[in-house]
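query-v1.cif follows (mmCIF, C-alpha atoms and all ligand atoms):
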data_input
#
loop_
_atom_site.group_PDB
_atom_site.id
_atom_site.type_symbol
_atom_site.label_atom_id
_atom_site.label_comp_id
_atom_site.auth_asym_id
_atom_site.auth_seq_id
_atom_site.Cartn_x
_atom_site.Cartn_y
_atom_site.Cartn_z
ATOM 1 C CA MET A 234 -77.387 10.860 5.528
ATOM 2 C CA GLU A 235 -74.368 11.684 3.302
ATOM 3 C CA SER A 236 -71.059 10.276 4.521
ATOM 4 C CA LEU A 237 -68.787 13.116 5.658
ATOM 5 C CA GLU A 238 -65.765 10.870 6.114
ATOM 6 C CA GLY A 239 -62.640 13.018 6.043
ATOM 7 C CA LYS A 240 -64.482 16.368 5.836
ATOM 8 C CA ARG A 241 -63.104 19.221 7.960
ATOM 9 C CA ILE A 242 -65.947 21.475 9.090
ATOM 10 C CA VAL A 243 -66.365 24.482 11.375
ATOM 11 C CA VAL A 244 -69.829 24.687 12.978
ATOM 12 C CA THR A 245 -70.822 27.735 15.058
ATOM 13 C CA GLY A 246 -73.462 27.858 17.777
ATOM 14 C CA THR A 247 -72.594 24.341 18.944
ATOM 15 C CA ALA A 248 -73.390 24.741 22.661
ATOM 16 C CA ARG A 249 -77.066 23.915 22.096
ATOM 17 C CA GLY A 250 -79.914 23.803 19.583
ATOM 18 C CA ILE A 251 -79.222 23.389 15.879
ATOM 19 C CA GLY A 252 -75.439 23.806 16.164
ATOM 20 C CA ALA A 253 -75.169 21.067 18.797
ATOM 21 C CA ALA A 254 -77.437 18.707 16.819
ATOM 22 C CA VAL A 255 -75.450 19.310 13.644
ATOM 23 C CA LEU A 256 -72.091 18.800 15.358
ATOM 24 C CA HIS A 257 -73.301 15.437 16.714
ATOM 25 C CA ALA A 258 -74.726 14.376 13.342
ATOM 26 C CA PHE A 259 -71.606 15.389 11.412
ATOM 27 C CA VAL A 260 -69.299 13.491 13.800
ATOM 28 C CA ARG A 261 -71.575 10.436 13.449
ATOM 29 C CA ALA A 262 -71.160 10.802 9.668
ATOM 30 C CA GLY A 263 -67.364 10.696 10.044
ATOM 31 C CA ALA A 264 -66.455 14.404 9.923
ATOM 32 C CA ARG A 265 -63.824 16.251 11.939
ATOM 33 C CA VAL A 266 -65.671 19.226 13.403
ATOM 34 C CA ALA A 267 -64.466 22.364 15.201
ATOM 35 C CA GLY A 268 -67.325 23.875 17.170
ATOM 36 C CA ILE A 269 -67.442 27.570 18.055
ATOM 37 C CA ASP A 270 -69.741 29.193 20.626
ATOM 38 C CA ARG A 271 -69.554 31.821 23.346
ATOM 39 C CA ASP A 272 -70.945 29.364 25.940
ATOM 40 C CA VAL A 273 -67.689 27.649 26.896
ATOM 41 C CA GLU A 274 -68.987 25.106 29.405
ATOM 42 C CA ARG A 275 -71.740 23.686 27.208
ATOM 43 C CA GLY A 276 -69.688 24.008 24.038
ATOM 44 C CA GLU A 277 -66.896 21.883 25.486
ATOM 45 C CA ALA A 278 -69.352 19.295 26.845
ATOM 46 C CA VAL A 279 -71.079 18.889 23.466
ATOM 47 C CA ALA A 280 -67.776 18.453 21.601
ATOM 48 C CA LEU A 281 -66.520 15.926 24.168
ATOM 49 C CA ALA A 282 -69.742 13.877 24.062
ATOM 50 C CA ALA A 283 -69.709 13.771 20.255
ATOM 51 C CA SER A 284 -66.038 12.772 20.103
ATOM 52 C CA GLU A 285 -66.591 9.937 22.574
ATOM 53 C CA ARG A 286 -69.245 8.427 20.289
ATOM 54 C CA GLY A 287 -67.305 8.967 16.996
ATOM 55 C CA PRO A 288 -66.462 7.802 14.408
ATOM 56 C CA GLY A 289 -65.383 11.369 13.558
ATOM 57 C CA ALA A 290 -64.065 13.829 16.132
ATOM 58 C CA ALA A 291 -64.941 17.243 17.555
ATOM 59 C CA TRP A 292 -63.118 20.104 19.241
ATOM 60 C CA PHE A 293 -64.374 23.320 20.794
ATOM 61 C CA HIS A 294 -63.103 26.896 20.502
ATOM 62 C CA ALA A 295 -64.727 29.782 22.362
ATOM 63 C CA ALA A 296 -65.616 32.992 20.518
ATOM 64 C CA ASP A 297 -68.262 35.661 20.261
ATOM 65 C CA VAL A 298 -69.057 35.525 16.542
ATOM 66 C CA GLY A 299 -69.605 39.285 16.472
ATOM 67 C CA ASP A 300 -66.007 39.983 17.519
ATOM 68 C CA ARG A 301 -63.484 39.967 14.652
ATOM 69 C CA THR A 302 -60.424 39.244 16.809
ATOM 70 C CA ALA A 303 -62.154 36.374 18.621
ATOM 71 C CA VAL A 304 -63.463 34.852 15.367
ATOM 72 C CA GLU A 305 -60.028 34.977 13.744
ATOM 73 C CA ALA A 306 -58.444 33.375 16.822
ATOM 74 C CA ALA A 307 -61.060 30.590 16.899
ATOM 75 C CA PHE A 308 -60.592 29.805 13.192
ATOM 76 C CA ALA A 309 -56.809 29.800 13.679
ATOM 77 C CA ALA A 310 -57.256 27.320 16.550
ATOM 78 C CA ALA A 311 -59.561 25.244 14.324
ATOM 79 C CA ASP A 312 -56.810 25.169 11.643
ATOM 80 C CA GLY A 313 -54.561 23.629 14.257
ATOM 81 C CA VAL A 314 -56.857 20.670 14.922
ATOM 82 C CA LEU A 315 -58.497 20.234 11.504
ATOM 83 C CA GLY A 316 -55.443 20.898 9.316
ATOM 84 C CA GLY A 317 -57.573 22.690 6.696
ATOM 85 C CA LEU A 318 -61.201 23.484 5.993
ATOM 86 C CA ASP A 319 -63.861 22.107 3.671
ATOM 87 C CA ALA A 320 -67.008 23.795 5.006
ATOM 88 C CA LEU A 321 -68.567 26.222 7.474
ATOM 89 C CA VAL A 322 -72.043 25.846 8.983
ATOM 90 C CA HIS A 323 -72.740 29.141 10.725
ATOM 91 C CA ALA A 324 -75.645 28.495 13.125
ATOM 92 C CA ALA A 325 -74.795 30.880 16.016
ATOM 93 C CA GLY A 326 -77.491 33.512 16.434
ATOM 94 C CA ILE A 327 -79.836 35.289 18.825
ATOM 95 C CA GLU A 328 -83.556 36.061 18.820
ATOM 96 C CA ARG A 329 -85.245 38.721 20.950
ATOM 97 C CA ARG A 330 -88.793 40.017 21.383
ATOM 98 C CA CYS A 331 -89.562 43.756 21.431
ATOM 99 C CA ALA A 332 -92.210 46.033 19.931
ATOM 100 C CA ALA A 333 -90.659 47.878 16.990
ATOM 101 C CA GLU A 334 -91.214 51.337 18.485
ATOM 102 C CA ARG A 335 -89.340 50.389 21.677
ATOM 103 C CA ILE A 336 -86.199 48.792 20.216
ATOM 104 C CA SER A 337 -83.236 50.670 21.683
ATOM 105 C CA ASP A 338 -79.969 51.448 19.934
ATOM 106 C CA ALA A 339 -78.253 48.867 22.157
ATOM 107 C CA GLU A 340 -80.778 46.118 21.302
ATOM 108 C CA TRP A 341 -80.526 46.911 17.579
ATOM 109 C CA ASP A 342 -76.714 46.926 17.690
ATOM 110 C CA GLU A 343 -76.544 43.623 19.590
ATOM 111 C CA MET A 344 -78.920 41.948 17.116
ATOM 112 C CA LEU A 345 -77.019 43.181 14.074
ATOM 113 C CA ALA A 346 -73.612 42.499 15.664
ATOM 114 C CA VAL A 347 -74.360 38.837 16.381
ATOM 115 C CA ASN A 348 -76.633 37.864 13.503
ATOM 116 C CA ALA A 349 -75.413 40.055 10.630
ATOM 117 C CA ARG A 350 -71.801 40.989 11.470
ATOM 118 C CA GLY A 351 -71.271 37.461 12.848
ATOM 119 C CA THR A 352 -72.218 36.111 9.428
ATOM 120 C CA MET A 353 -69.790 38.455 7.671
ATOM 121 C CA LEU A 354 -66.911 37.684 10.064
ATOM 122 C CA THR A 355 -67.269 33.898 10.063
ATOM 123 C CA ASN A 356 -67.793 33.825 6.296
ATOM 124 C CA GLN A 357 -64.682 35.981 5.757
ATOM 125 C CA ALA A 358 -62.651 33.688 8.019
ATOM 126 C CA ALA A 359 -63.887 30.666 6.037
ATOM 127 C CA PHE A 360 -63.204 32.427 2.731
ATOM 128 C CA ALA A 361 -59.548 32.990 3.666
ATOM 129 C CA ARG A 362 -59.180 29.210 4.080
ATOM 130 C CA LEU A 363 -61.319 28.114 1.107
ATOM 131 C CA ARG A 364 -60.255 30.541 -1.635
ATOM 132 C CA ASP A 365 -57.554 28.236 -3.035
ATOM 133 C CA VAL A 366 -59.426 24.947 -2.619
ATOM 134 C CA GLY A 367 -63.172 25.708 -2.784
ATOM 135 C CA GLY A 368 -65.786 24.569 -0.300
ATOM 136 C CA SER A 369 -69.226 25.196 1.132
ATOM 137 C CA ILE A 370 -70.645 27.817 3.502
ATOM 138 C CA VAL A 371 -74.123 27.506 5.007
ATOM 139 C CA ASN A 372 -75.667 30.504 6.789
ATOM 140 C CA PHE A 373 -78.857 30.641 8.839
ATOM 141 C CA GLY A 374 -81.565 32.880 7.474
ATOM 142 C CA SER A 375 -85.164 32.790 8.639
ATOM 143 C CA ASP A 376 -88.647 33.164 7.244
ATOM 144 C CA SER A 377 -88.723 36.138 9.663
ATOM 145 C CA GLY A 378 -86.599 37.955 7.081
ATOM 146 C CA LEU A 379 -89.213 37.330 4.384
ATOM 147 C CA VAL A 380 -92.581 37.692 6.114
ATOM 148 C CA PRO A 381 -93.643 39.782 9.147
ATOM 149 C CA HIS A 382 -92.296 38.577 12.515
ATOM 150 C CA LEU A 383 -94.345 40.557 15.021
ATOM 151 C CA ASN A 384 -92.336 42.066 17.873
ATOM 152 C CA GLY A 385 -89.118 41.012 16.212
ATOM 153 C CA ALA A 386 -88.402 43.720 13.644
ATOM 154 C CA HIS A 387 -84.703 43.836 14.581
ATOM 155 C CA TYR A 388 -84.472 40.028 14.188
ATOM 156 C CA SER A 389 -86.299 40.244 10.821
ATOM 157 C CA ALA A 390 -83.927 42.959 9.624
ATOM 158 C CA ALA A 391 -80.827 41.012 10.696
ATOM 159 C CA LYS A 392 -82.004 37.782 9.042
ATOM 160 C CA ALA A 393 -82.888 39.632 5.826
ATOM 161 C CA ALA A 394 -79.299 40.943 5.905
ATOM 162 C CA VAL A 395 -77.956 37.381 6.282
ATOM 163 C CA MET A 396 -79.953 36.201 3.271
ATOM 164 C CA ALA A 397 -78.972 39.190 1.094
ATOM 165 C CA TRP A 398 -75.305 38.714 2.080
ATOM 166 C CA THR A 399 -75.554 35.010 1.168
ATOM 167 C CA ARG A 400 -76.923 35.690 -2.304
ATOM 168 C CA THR A 401 -74.300 38.324 -3.105
ATOM 169 C CA VAL A 402 -71.219 36.507 -1.798
ATOM 170 C CA ALA A 403 -72.331 33.333 -3.596
ATOM 171 C CA HIS A 404 -71.806 35.331 -6.807
ATOM 172 C CA GLU A 405 -68.561 36.989 -5.679
ATOM 173 C CA TRP A 406 -67.001 33.736 -4.449
ATOM 174 C CA GLY A 407 -68.314 31.298 -7.079
ATOM 175 C CA ARG A 408 -65.122 31.870 -9.094
ATOM 176 C CA TYR A 409 -63.162 30.323 -6.206
ATOM 177 C CA GLY A 410 -65.370 27.243 -6.133
ATOM 178 C CA ILE A 411 -66.954 28.413 -2.889
ATOM 179 C CA ARG A 412 -70.685 27.760 -2.566
ATOM 180 C CA VAL A 413 -72.772 29.849 -0.155
ATOM 181 C CA ASN A 414 -76.359 29.012 0.769
ATOM 182 C CA SER A 415 -78.802 29.921 3.535
ATOM 183 C CA VAL A 416 -81.166 27.509 5.228
ATOM 184 C CA LEU A 417 -84.416 28.783 6.748
ATOM 185 C CA PRO A 418 -85.233 26.253 9.459
ATOM 186 C CA ALA A 419 -88.285 25.641 11.597
ATOM 187 C CA VAL A 420 -87.094 23.154 14.223
ATOM 188 C CA HIS A 421 -87.693 22.810 17.945
ATOM 189 C CA THR A 422 -84.700 24.185 19.919
ATOM 190 C CA PRO A 423 -84.040 26.103 23.156
ATOM 191 C CA MET A 424 -84.364 29.336 21.129
ATOM 192 C CA TYR A 425 -87.883 28.299 20.120
ATOM 193 C CA ASP A 426 -88.757 27.343 23.711
ATOM 194 C CA GLU A 427 -87.578 30.763 24.870
ATOM 195 C CA TYR A 428 -89.665 32.410 22.154
ATOM 196 C CA LEU A 429 -92.755 30.473 23.276
ATOM 197 C CA GLY A 430 -91.985 31.316 26.915
ATOM 198 C CA ARG A 431 -92.137 35.042 26.162
ATOM 199 C CA LEU A 432 -95.577 34.881 24.490
ATOM 200 C CA PRO A 433 -98.612 35.875 26.557
ATOM 201 C CA ASP A 434 -101.117 32.984 26.958
ATOM 202 C CA ASP A 435 -103.530 34.182 24.260
ATOM 203 C CA GLU A 436 -100.705 34.625 21.707
ATOM 204 C CA LEU A 437 -99.321 31.190 22.604
ATOM 205 C CA VAL A 438 -102.653 29.555 21.740
ATOM 206 C CA GLN A 439 -102.816 31.549 18.486
ATOM 207 C CA HIS A 440 -99.223 30.602 17.656
ATOM 208 C CA ARG A 441 -99.850 26.857 18.067
ATOM 209 C CA GLU A 442 -102.958 27.093 15.886
ATOM 210 C CA LYS A 443 -101.030 29.059 13.249
ATOM 211 C CA MET A 444 -98.311 26.382 13.132
ATOM 212 C CA ARG A 445 -100.953 23.660 12.862
ATOM 213 C CA LEU A 446 -102.450 25.367 9.829
ATOM 214 C CA ARG A 447 -99.249 26.650 8.185
ATOM 215 C CA ILE A 448 -96.996 23.576 8.370
ATOM 216 C CA PRO A 449 -98.416 20.935 6.038
ATOM 217 C CA LEU A 450 -95.914 18.298 7.233
ATOM 218 C CA GLY A 451 -97.039 17.618 10.793
ATOM 219 C CA GLY A 452 -98.420 20.984 11.910
ATOM 220 C CA ARG A 453 -95.459 21.835 14.143
ATOM 221 C CA LEU A 454 -91.723 22.526 14.104
ATOM 222 C CA GLY A 455 -89.382 19.721 13.148
ATOM 223 C CA ASP A 456 -86.458 17.978 14.843
ATOM 224 C CA ALA A 457 -82.925 19.312 14.248
ATOM 225 C CA GLN A 458 -81.225 15.882 14.141
ATOM 226 C CA ARG A 459 -83.755 14.089 12.026
ATOM 227 C CA ASP A 460 -85.152 16.814 9.788
ATOM 228 C CA LEU A 461 -82.363 19.375 9.392
ATOM 229 C CA ALA A 462 -78.945 17.713 9.891
ATOM 230 C CA PRO A 463 -79.248 15.489 6.772
ATOM 231 C CA VAL A 464 -79.997 18.574 4.624
ATOM 232 C CA LEU A 465 -76.930 20.322 6.043
ATOM 233 C CA ALA A 466 -74.816 17.219 5.396
ATOM 234 C CA PHE A 467 -75.994 17.358 1.775
ATOM 235 C CA LEU A 468 -75.183 21.084 1.531
ATOM 236 C CA VAL A 469 -71.613 20.658 2.815
ATOM 237 C CA SER A 470 -71.012 17.542 0.692
ATOM 238 C CA ASP A 471 -69.976 17.356 -2.945
ATOM 239 C CA ALA A 472 -73.464 16.057 -3.801
ATOM 240 C CA SER A 473 -74.658 19.694 -3.793
ATOM 241 C CA ARG A 474 -71.696 20.971 -5.859
ATOM 242 C CA PHE A 475 -73.986 22.824 -8.339
ATOM 243 C CA ILE A 476 -76.159 24.590 -5.714
ATOM 244 C CA THR A 477 -75.240 28.095 -4.553
ATOM 245 C CA GLY A 478 -76.874 31.412 -3.640
ATOM 246 C CA GLN A 479 -80.095 29.712 -2.512
ATOM 247 C CA LEU A 480 -82.477 30.262 0.386
ATOM 248 C CA ILE A 481 -83.548 26.755 1.372
ATOM 249 C CA PRO A 482 -86.460 26.401 3.812
ATOM 250 C CA VAL A 483 -86.321 23.240 5.938
ATOM 251 C CA ASP A 484 -89.600 23.901 7.668
ATOM 252 C CA GLY A 485 -92.228 21.316 6.743
ATOM 253 C CA GLY A 486 -93.608 23.649 4.073
ATOM 254 C CA LYS A 487 -94.216 26.711 6.270
ATOM 255 C CA VAL A 488 -92.940 29.204 3.669
ATOM 256 C CA SER A 489 -92.164 29.125 -0.019
ATOM 257 C CA VAL A 490 -89.314 31.166 -1.485
ATOM 258 C CA ARG A 491 -88.200 31.899 -4.998
HETATM 259 N N1 LIG B 1 -85.007 27.115 15.654
HETATM 260 C C1 LIG B 1 -85.598 27.564 14.561
HETATM 261 O O1 LIG B 1 -86.633 27.079 14.137
HETATM 262 C C2 LIG B 1 -84.974 28.696 13.777
HETATM 263 C C3 LIG B 1 -85.786 29.366 12.856
HETATM 264 C C4 LIG B 1 -85.225 30.350 12.076
HETATM 265 C C5 LIG B 1 -83.860 30.635 12.195
HETATM 266 N N2 LIG B 1 -83.106 29.998 13.120
HETATM 267 C C6 LIG B 1 -81.693 30.345 13.219
HETATM 268 O O2 LIG B 1 -80.928 29.163 13.371
HETATM 269 C C7 LIG B 1 -79.767 29.453 14.153
HETATM 270 C C8 LIG B 1 -79.681 28.472 15.333
HETATM 271 O O3 LIG B 1 -80.845 28.649 16.128
HETATM 272 P P1 LIG B 1 -81.217 27.724 17.367
HETATM 273 O O4 LIG B 1 -82.679 27.583 17.356
HETATM 274 O O5 LIG B 1 -80.340 26.525 17.399
HETATM 275 O O6 LIG B 1 -80.826 28.739 18.576
HETATM 276 P P2 LIG B 1 -80.326 28.424 20.063
HETATM 277 O O7 LIG B 1 -80.521 29.717 20.805
HETATM 278 O O8 LIG B 1 -80.960 27.214 20.588
HETATM 279 O O9 LIG B 1 -78.764 28.193 19.872
HETATM 280 C C9 LIG B 1 -77.932 29.250 19.413
HETATM 281 C C10 LIG B 1 -76.496 29.011 19.824
HETATM 282 O O10 LIG B 1 -75.739 30.152 19.358
HETATM 283 C C11 LIG B 1 -74.878 30.579 20.406
HETATM 284 N N3 LIG B 1 -74.601 32.014 20.283
HETATM 285 C C12 LIG B 1 -75.494 33.029 20.412
HETATM 286 N N4 LIG B 1 -74.860 34.196 20.255
HETATM 287 C C13 LIG B 1 -73.553 33.916 20.041
HETATM 288 C C14 LIG B 1 -72.402 34.716 19.823
HETATM 289 N N5 LIG B 1 -72.457 36.059 19.804
HETATM 290 N N6 LIG B 1 -71.229 34.093 19.613
HETATM 291 C C15 LIG B 1 -71.148 32.750 19.646
HETATM 292 N N7 LIG B 1 -72.185 31.936 19.857
HETATM 293 C C16 LIG B 1 -73.386 32.515 20.055
HETATM 294 C C17 LIG B 1 -75.636 30.262 21.698
HETATM 295 O O11 LIG B 1 -74.758 30.190 22.822
HETATM 296 C C18 LIG B 1 -76.294 28.928 21.340
HETATM 297 O O12 LIG B 1 -75.438 27.846 21.662
HETATM 298 C C19 LIG B 1 -79.898 30.920 14.583
HETATM 299 O O13 LIG B 1 -79.170 31.729 13.681
HETATM 300 C C20 LIG B 1 -81.379 31.186 14.440
HETATM 301 O O14 LIG B 1 -81.662 32.547 14.246
HETATM 302 C C21 LIG B 1 -83.641 29.040 13.928
#
Show how you would write the structure in this file as structure tokens.
Ligand SMILES: NC(=O)c1ccc[n+]([C@@H]2O[C@H](COP(=O)([O-])OP(=O)(O)OC[C@H]3O[C@@H](n4cnc5c(N)ncnc54)[C@H](O)[C@@H]3O)[C@@H](O)[C@H]2O)c1
Amino acid sequence: MESLEGKRIVVTGTARGIGAAVLHAFVRAGARVAGIDRDVERGEAVALAASERGPGAAWFHAADVGDRTAVEAAFAAADGVLGGLDALVHAAGIERRCAAERISDAEWDEMLAVNARGTMLTNQAAFARLRDVGGSIVNFGSDSGLVPHLNGAHYSAAKAAVMAWTRTVAHEWGRYGIRVNSVLPAVHTPMYDEYLGRLPDDELVQHREKMRLRIPLGGRLGDAQRDLAPVLAFLVSDASRFITGQLIPVDGGKVSVR
């Protein structure tokens, strides 16, 4: 994995799943990381555990990423401990299951507030700190925004918004030396376990068979530490300095994008 010695990075969604795995991996690679999540207890525990192992360090700041005031306060607190910013990895997000015809206004608004507005707010907060120095932003799209995701039309719509936002701001912010990319992961996390837990038995069997056939590398979802964190380290490092505006699947070959 790339060395991240001296890098100052904000990672969101660090209480569990991808965000937690990435925070641990980045601290192991020497970075100073400010984690943001709305789950205070777990968020603080993850940051403490990572800091104890080093060689980098981690801090935690609580915020709902869909709330502008909270996001600005968390980034301001991150400034205090990091003393500047080199990159943002915005992994916080939610996934819900609901037939399209039954999605309520409240469910739609929650999905868009966290996944789409959260991307705008965290990216804007990062932009304010990167515009004079350049840097890297990584958002989390999903193949659900490219191909049908049955009983998740609101999730599909929100993730398509994240990917469209990423492509456009990469062009608007390139002049400031800010790179913006989206990864489309397929890795085993608590979100995936919850998704599996909501499937009826027959759909669960079908799902496992579909993964077996669709993922040429191993037939199932990958591991966040081993399979995804090194790609994110590359994307926040100077090694990827000529890559921006891309949708990058890290999914064992499940989807292909152009
Ligand atoms: N796991 C996958 O294979 C997969 C596939 C496609 C996309 N993604 C995307 O990757 C990202 C991370 O997913 P994951 O699997 O680690 O999910 P996860 O549910 O395991 O973890 C998500 C984290 O985000 C936090 N969070 C949720 N809403 C928040 C809010 N409003 N404010 C602050 N924090 C909030 C949660 O507390 C949690 O710690 C998400 O954006 C998800 O949509 C994941």
Just want the residues within 6 Å of ligand LIG 1 (chain B), written as a PyMOL selection string, counting all atoms listed in the file. chain A and resi 246-252+270-272+296-299+324-327+347+373-375+417-425
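From atom CA of Arg330 of chain A back to atom CA of Arg431 of chain A, the distance works out to 7.7 Å.
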Evaluate the PyMOL selection byres (((chain A and resi 483) around 9) and not hetatm) on the structure here and hand back the selected residues as number ranges by chain. A: 416-420, 455, 460-461, 464, 481-482, 484-487
Gly367 of chain A: which residues within 6 Å, counting all atoms listed in the file, same-chain residues fewer than 2 positions away excluded, as a PyMOL selection string? chain A and resi 363-364+409-411
Given only C-alpha atoms as the counted atoms, nearest of A:Gln357, A:Ser369, A:Gln439, A:Asn348 to Lys240 of chain A: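 Result for the nearest residue to Lys240 of chain A: A:Ser369.
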Quick one: of A:Ser389, A:Thr401, A:Asn384, A:Thr302, who's nearest to Leu345 of chain A, counting all atoms listed in the file? A:Ser389
May I ask for the distance between atom CA of Val266 of chain A and atom CA of Thr477 of chain A, given in Å to one decimal place?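 If I compute the distance from atom CA of Val266 of chain A to atom CA of Thr477 of chain A, I get 22.2 Å.
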List the neighbours of Met234 of chain A out to 12 Å using only C-alpha atoms; skip same-chain residues closer than 5 positions along the sequence, and give me the result as a ChimeraX atom specification. /A:255,258-263,458-470,472
Please produce a file of those selected residues containing C-alpha atoms, as a PDB file, in the coordinates of the input.
ATOM      1  CA  VAL A 255     -75.450  19.310  13.644  1.00  0.00           C
ATOM      2  CA  ALA A 258     -74.726  14.376  13.342  1.00  0.00           C
ATOM      3  CA  PHE A 259     -71.606  15.389  11.412  1.00  0.00           C
ATOM      4  CA  VAL A 260     -69.299  13.491  13.800  1.00  0.00           C
ATOM      5  CA  ARG A 261     -71.575  10.436  13.449  1.00  0.00           C
ATOM      6  CA  ALA A 262     -71.160  10.802   9.668  1.00  0.00           C
ATOM      7  CA  GLY A 263     -67.364  10.696  10.044  1.00  0.00           C
ATOM      8  CA  GLN A 458     -81.225  15.882  14.141  1.00  0.00           C
ATOM      9  CA  ARG A 459     -83.755  14.089  12.026  1.00  0.00           C
ATOM     10  CA  ASP A 460     -85.152  16.814   9.788  1.00  0.00           C
ATOM     11  CA  LEU A 461     -82.363  19.375   9.392  1.00  0.00           C
ATOM     12  CA  ALA A 462     -78.945  17.713   9.891  1.00  0.00           C
ATOM     13  CA  PRO A 463     -79.248  15.489   6.772  1.00  0.00           C
ATOM     14  CA  VAL A 464     -79.997  18.574   4.624  1.00  0.00           C
ATOM     15  CA  LEU A 465     -76.930  20.322   6.043  1.00  0.00           C
ATOM     16  CA  ALA A 466     -74.816  17.219   5.396  1.00  0.00           C
ATOM     17  CA  PHE A 467     -75.994  17.358   1.775  1.00  0.00           C
ATOM     18  CA  LEU A 468     -75.183  21.084   1.531  1.00  0.00           C
ATOM     19  CA  VAL A 469     -71.613  20.658   2.815  1.00  0.00           C
ATOM     20  CA  SER A 470     -71.012  17.542   0.692  1.00  0.00           C
ATOM     21  CA  ALA A 472     -73.464  16.057  -3.801  1.00  0.00           C
TER      22      ALA A 472
END
Step by step, work through what the PyMOL selection byres (((chain A and resi 346) around 12) and not hetatm) selects in the shown file, and finish by giving those residues as a ChimeraX atom specification. /A:297-301,325-327,338-345,347-354,387-388,390-392,394-395
Size and centre in Å, one decimal, axis-aligned box, all listed segment 442-447 of chain A atoms plus 4 Å per side, as JSON:
{"center_x": -100.6, "center_y": 26.4, "center_z": 12.0, "size_x": 12.6, "size_y": 13.4, "size_z": 15.7}
Let me know the residues the PyMOL selection byres (((chain A and resi 284) around 12) and not hetatm) catches in the file above, as a PyMOL selection string. chain A and resi 256-268+277-283+285-293
Taking all atoms listed in the file into account, name the residue in A:Met444, A:Val490, A:Ile269, A:Leu321 that is nearest to Met396 of chain A.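 Closest residue, counting all atoms listed in the file: A:Val490.
The two atoms in question, atom CA of Val371 of chain A and atom CA of Asn414 of chain A, are spaced 5.0 Å apart.
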Pick out the closest residue to Phe475 of chain A from this set: A:Arg412, A:His404, A:Arg362, A:Arg329. Count all atoms listed in the file.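 With all atoms listed in the file as the atom set, the closest residue is A:Arg412.
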Nearest to Val304 of chain A among A:His440, A:Arg445, A:His323, A:Arg335, with distances taken over all atoms listed in the file: which residue is it?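 For Val304 of chain A, the nearest of the candidates is A:His323.
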Compare A:Ala295, A:Leu432, A:Val366, A:Val402 by their minimum atom-to-atom distance to Cys331 of chain A, counting all atoms listed in the file, and give me the closest one.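 Under the stated criterion, the closest residue is A:Leu432.
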